[in-house]
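Visitor: Sharing a structure here in structure tokens format.
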Amino acid sequence: HASRAVRILVAAMSAALLLAMAAAVTAGRGAARSRAVGGALRGGSALRHRVPSSVSGLGHRASSSSFSSSSCNGIMRTHMRMPGNDLRRRVSAWAGDRDAELQQTRDDTRRRLTEMGYDPKLLEAAAGSRWDPTFQRWVKDPRAEYADIIITPKAGSPYIIWPAIFQVLKQAGLQSIPTEEVQDLVAKNKVTLVDVRMEDQYEQGHVDGAINVPMFRESTGSGVWDNLKRVVNAALLIRSTERDPEFPQKLETAVGGKNKPVVLYCGMGGNLDTKIQSSKAMYKEKGYEDVDKSFGKESRSLKACFELLNAGFKNVKHMKGGYSTWKYEKRPVATGGA
């Protein structure tokens, strides 16, 4: 009976530990969402821009480059009894320091983007977007400007926030083509169809004729946060992955060059649509704006298209609906490796 009691106690302690670790991760993700990525607003007021966490990151570290109006009010209250000229001089000096700090952050971000192989103009592409922590979505905010758009998780590789990627894809005129057209192009050998999901997902089922070049890979770090991420994700039945920085090079080798036409897909597909089509007469032609789709619907395949365009690929397209739509429409599928 004593040994049984000990086993029960050990099991209870193990369960408590896993729950505590899961709570810590949840809290870390919540804290990450409440950190400022950066971006003072035009006109002197300010807003804290919030960013989402993701499965591939554990406790994001984002540089804070924004300030809140409450902090400005605090300065005003502190110095409200000062002579007018002295107050204006101190507030002006404080604002100047903030402007200098924001400019330094912008310069650092552009340098990091260049080191990561991205166009430094990406920083401006994120303007006009804001993370809404209440509804867990990106929304439009014409006042918003960013000083930093790079999310650096404590476990995993850095990545760019989605609104910047969305704007680049829209400006590039990325085409999302329907499954019927993809099937015809593959049958005529006019494109190489690429599945960017993980290898085991590809082996369980994929579009017949597609090759597999995963955009993500298993987490490779060996630090404390990397190991903690693996343990917690395993307890939550979540795969521990990170973006593969060599994805464009691997795909270039697989298809035979950057000029080859490729069509990418993942599980769900994602889209760049910001409007919802309706059968109602007033919306039938142009549809209507949906706040939940202010920046479309992000996906692995869309992010993969962004990586390829950034790497200099000339003919990149995206399959609408992803593998789930292809399978639902009962189009040809295959299993096993390539």
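The chains in the structure tokens are called A, B, ... from first to last as shown; in each chain the residues are counted from 1, and the ligands are counted from 1 in the order shown.
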Near region 290-305 of chain A, counting only C-alpha atoms, which residues have an atom at most 9 Å away, once you skip same-chain residues fewer than 6 positions from it, shown as a ChimeraX atom specification?
Guide: /A:129,135,137-140,162-163,165-167,169,174,195-197,215-216,247-248,263-276,316-319,322
Visitor: Give me the residues of region 84-196 of chain A that have any atom at most 10 Å from an atom of region 227-238 of chain A; for each, the nearest atom pair and the distance in Å, rounded to one decimal. Use only C-alpha atoms, sort by chain and number, and format it as CSV.
Guide:
```
residue,atom,partner,partner_atom,distance
A:Lys154,CA,A:Lys229,CA,9.4
A:Ala155,CA,A:Lys229,CA,7.1
A:Gly156,CA,A:Lys229,CA,9.4
```
Visitor: List the neighbours of Leu185 (chain A) out to 12 Å using only C-alpha atoms; skip same-chain residues closer than 2 positions along the sequence, and give me the result as a ChimeraX atom specification.
Guide: /A:177-183,187-193,209-210,261-263,317,319
Visitor: To one decimal in Å, tell me the separation between CA of Gln171 (chain A) and CA of Asp244 (chain A).
Guide: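 One can read the CA of Gln171 (chain A) to CA of Asp244 (chain A) distance as 24.6 Å.
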Visitor: Would you please give, as a ChimeraX atom specification, all residues of region 92-261 of chain A that DSSP assigns to helix (DSSP H, G or I) based on the backbone?
Guide: /A:92-115,122-125,162-172,179-187,199-204,224-235,247-255
Visitor: If you run DSSP on the backbone, which residues of region 196-297 of chain A are strand (DSSP E or B), as a list of chain:residue names?
Guide: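 Selecting the strand (DSSP E or B) positions of region 196-297 of chain A gives A:His206, A:Val207, A:Ile211, A:Asn212, A:Phe216, A:Arg217, A:Glu218, A:Thr241, A:Glu242, A:Arg243, A:Val262, A:Val263, A:Leu264, A:Tyr265, A:Asn271, A:Lys275, A:Ile276, A:Tyr288, A:Glu289, A:Ser294, A:Gly296, A:Lys297.
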Visitor: With N, CA, C and O atoms retained, export the selected residues as an mmCIF file, in the first residue's frame.
Guide:
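And here is the file that came out, result.cif:
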```cif
data_model
loop_
_atom_site.group_PDB
_atom_site.id
_atom_site.type_symbol
_atom_site.label_atom_id
_atom_site.label_comp_id
_atom_site.auth_asym_id
_atom_site.auth_seq_id
_atom_site.Cartn_x
_atom_site.Cartn_y
_atom_site.Cartn_z
ATOM 1 N N HIS A 206 -0.865 13.373 -50.222
ATOM 2 C CA HIS A 206 -0.523 14.603 -50.912
ATOM 3 C C HIS A 206 -1.114 14.599 -52.315
ATOM 4 O O HIS A 206 -1.620 13.573 -52.786
ATOM 5 N N VAL A 207 -1.061 15.748 -52.967
ATOM 6 C CA VAL A 207 -1.545 15.855 -54.341
ATOM 7 C C VAL A 207 -0.679 14.967 -55.232
ATOM 8 O O VAL A 207 0.555 15.011 -55.161
ATOM 9 N N ILE A 211 5.898 17.356 -55.313
ATOM 10 C CA ILE A 211 7.119 17.030 -54.578
ATOM 11 C C ILE A 211 7.040 17.684 -53.201
ATOM 12 O O ILE A 211 6.209 18.571 -52.977
ATOM 13 N N ASN A 212 7.900 17.265 -52.295
ATOM 14 C CA ASN A 212 7.863 17.779 -50.933
ATOM 15 C C ASN A 212 9.147 18.540 -50.594
ATOM 16 O O ASN A 212 10.235 17.983 -50.616
ATOM 17 N N PHE A 216 9.153 24.334 -42.943
ATOM 18 C CA PHE A 216 9.565 24.267 -41.546
ATOM 19 C C PHE A 216 10.370 22.987 -41.308
ATOM 20 O O PHE A 216 10.314 22.050 -42.106
ATOM 21 N N ARG A 217 11.094 22.959 -40.220
ATOM 22 C CA ARG A 217 11.882 21.804 -39.828
ATOM 23 C C ARG A 217 11.723 21.580 -38.337
ATOM 24 O O ARG A 217 11.218 22.454 -37.619
ATOM 25 N N GLU A 218 12.131 20.409 -37.868
ATOM 26 C CA GLU A 218 12.098 20.139 -36.438
ATOM 27 C C GLU A 218 13.037 21.121 -35.727
ATOM 28 O O GLU A 218 14.079 21.510 -36.264
ATOM 29 N N THR A 241 8.546 22.943 -34.017
ATOM 30 C CA THR A 241 9.163 23.238 -35.312
ATOM 31 C C THR A 241 9.676 24.672 -35.349
ATOM 32 O O THR A 241 9.372 25.481 -34.473
ATOM 33 N N GLU A 242 10.423 24.967 -36.385
ATOM 34 C CA GLU A 242 10.903 26.315 -36.638
ATOM 35 C C GLU A 242 11.068 26.503 -38.140
ATOM 36 O O GLU A 242 11.170 25.534 -38.889
ATOM 37 N N ARG A 243 11.089 27.762 -38.581
ATOM 38 C CA ARG A 243 11.248 28.057 -40.001
ATOM 39 C C ARG A 243 12.620 27.594 -40.480
ATOM 40 O O ARG A 243 13.626 27.801 -39.805
ATOM 41 N N VAL A 262 6.623 27.374 -60.442
ATOM 42 C CA VAL A 262 6.245 26.531 -59.311
ATOM 43 C C VAL A 262 4.905 26.979 -58.745
ATOM 44 O O VAL A 262 4.559 28.164 -58.795
ATOM 45 N N VAL A 263 4.161 26.014 -58.223
ATOM 46 C CA VAL A 263 2.911 26.282 -57.520
ATOM 47 C C VAL A 263 3.041 25.646 -56.145
ATOM 48 O O VAL A 263 3.380 24.465 -56.026
ATOM 49 N N LEU A 264 2.790 26.423 -55.097
ATOM 50 C CA LEU A 264 2.964 25.949 -53.730
ATOM 51 C C LEU A 264 1.618 25.713 -53.059
ATOM 52 O O LEU A 264 0.641 26.432 -53.316
ATOM 53 N N TYR A 265 1.584 24.720 -52.178
ATOM 54 C CA TYR A 265 0.384 24.506 -51.365
ATOM 55 C C TYR A 265 0.756 23.929 -50.005
ATOM 56 O O TYR A 265 1.842 23.382 -49.816
ATOM 57 N N ASN A 271 -5.263 32.693 -47.876
ATOM 58 C CA ASN A 271 -5.611 33.545 -49.011
ATOM 59 C C ASN A 271 -5.266 34.996 -48.710
ATOM 60 O O ASN A 271 -4.989 35.359 -47.554
ATOM 61 N N LYS A 275 -12.125 40.615 -48.723
ATOM 62 C CA LYS A 275 -13.569 40.786 -48.820
ATOM 63 C C LYS A 275 -14.283 39.442 -48.834
ATOM 64 O O LYS A 275 -13.699 38.428 -49.206
ATOM 65 N N ILE A 276 -15.532 39.458 -48.417
ATOM 66 C CA ILE A 276 -16.372 38.267 -48.432
ATOM 67 C C ILE A 276 -17.426 38.444 -49.521
ATOM 68 O O ILE A 276 -18.091 39.485 -49.589
ATOM 69 N N TYR A 288 -17.984 42.528 -49.540
ATOM 70 C CA TYR A 288 -17.904 43.520 -48.469
ATOM 71 C C TYR A 288 -16.691 43.234 -47.587
ATOM 72 O O TYR A 288 -16.224 42.112 -47.461
ATOM 73 N N GLU A 289 -16.165 44.286 -46.999
ATOM 74 C CA GLU A 289 -14.975 44.182 -46.165
ATOM 75 C C GLU A 289 -15.301 43.432 -44.876
ATOM 76 O O GLU A 289 -16.342 43.635 -44.269
ATOM 77 N N SER A 294 -8.810 41.488 -42.647
ATOM 78 C CA SER A 294 -8.134 42.728 -43.021
ATOM 79 C C SER A 294 -6.817 42.454 -43.737
ATOM 80 O O SER A 294 -6.380 43.240 -44.579
ATOM 81 N N GLY A 296 -6.162 39.154 -45.068
ATOM 82 C CA GLY A 296 -6.362 37.814 -45.599
ATOM 83 C C GLY A 296 -6.297 36.758 -44.512
ATOM 84 O O GLY A 296 -6.654 36.992 -43.358
ATOM 85 N N LYS A 297 -5.814 35.595 -44.883
ATOM 86 C CA LYS A 297 -5.657 34.481 -43.938
ATOM 87 C C LYS A 297 -4.269 33.880 -44.141
ATOM 88 O O LYS A 297 -3.982 33.288 -45.170
#
```
Visitor: Please measure the separation of CA of Ser222 (chain A) and CA of Pro153 (chain A), giving the value in Å to one decimal.
Guide: 14.1 Å
Visitor: Between CA of Lys258 (chain A) and CA of Ala311 (chain A), what is the distance, to one decimal in Å?
Guide: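 Computing it gives 8.5 Å between the two atoms.
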Visitor: From the set A:Lys286, A:Tyr323, A:Tyr146, A:Pro133, which residue has the shortest atom-to-atom contact distance to Asp107 (chain A), counting only C-alpha atoms?
Guide: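 Residue with the minimum atom-to-atom distance to Asp107 (chain A): A:Tyr146.
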